[in-house]
Amino acid sequence: MPLEVAPFLATTIPPAWLYGLAGGCLIGLGSLLALAATGKVPGISGVFARILRPLAGDVGWRVVFLLGLIAGAGLMFLSNAHAAQYRIPEGRSLAIYVIAGLLVGFGTRLGGGCTSGHGICGSGAGARDSMVATAVFMATGILTVLLWNLTVGGGS
């Protein structure tokens with residue numbers, strides 16, 4: 001006899017916040033596993049920077065970690081209706097996103113780490129500098145969105 005799915009599960013799509021919660025838990029678990037396996041804090045900017053300037057025997061796990069991030073995002077976009085809300089909106093310039101990405105990369109190196117390194121790993125470990133950095137990241141992000149919406153109209 002085949003296993004049947006409960007009727008309410010077949011028609012109910014979980015709320016979007018549930019995916020964020022699950023993703024956050026998986027990011028935390030992945031960070032913990034990477035820290036336990038390598039003894040290194042797996043902040044994305046640091047992981048990526050050490051691929052560009054590798055140390056002997058320290059590249060393999062970094063490549064796997066980054067490929068896992070890319071593959072996980074790709075699978076999510078392909079398999080989930082909620083993921084469409086995170087696509088680049090029509091009419092927005094890809095060049096602006098590239099410039100923004102470069103500025104974020106510059107900022108993470110200037111700030112000694114990124115939101116994942118400071119916000120997840122550093123703050124989770126109780127590092128005061130990570131808590132300050134995370135507060136600055138958040139305030140800057142909020143201010144940027146506010147200014148964008150006020151000057152460009154950001155409604156789309």
# chains A, B, ... in the order shown; residues from 1 in each chain; ligands from 1
>>> residues_around(residues="range 60-67 of chain A", least_positions_apart="2", cutoff="7 Å", atoms="only C-alpha atoms", output="number ranges by chain")
A: 47, 51, 58, 69-71
>>> select_by_dssp(residues="chain A", states="alpha helix (DSSP H)", output="ChimeraX atom specification")
/A:7-11,16-38,44-52,60-79,94-110,123-124,128-151
>>> residues_around(residues="range 125-131 of chain A", least_positions_apart="6", cutoff="10 Å", atoms="only C-alpha atoms", output="list in words")
Gly111, Gly112, Gly113, Cys114, Thr115, Gly117, His118, Gly119 and Phe137 of chain A
>>> closest_atom_pairs(of="range 17-66 of chain A", to="range 75-99 of chain A", cutoff="12 Å", atoms="only C-alpha atoms", output="Markdown table")
| residue | atom | partner | partner_atom | distance |
| --- | --- | --- | --- | --- |
| A:Trp17 | CA | A:His82 | CA | 9.8 |
| A:Leu18 | CA | A:His82 | CA | 10.7 |
| A:Tyr19 | CA | A:His82 | CA | 8.6 |
| A:Gly20 | CA | A:His82 | CA | 10.4 |
| A:Gly23 | CA | A:Met76 | CA | 10.3 |
>>> residues_around(residues="Arg109 in chain A", least_positions_apart="6", cutoff="9 Å", atoms="only C-alpha atoms", output="ChimeraX atom specification")
/A:45-46,49
>>> residues_around(residues="Val41 in chain A", least_positions_apart="4", cutoff="8 Å", atoms="only C-alpha atoms", output="list in words")
Ser31, Ala34, Leu35, Gly117 and Cys121 of chain A
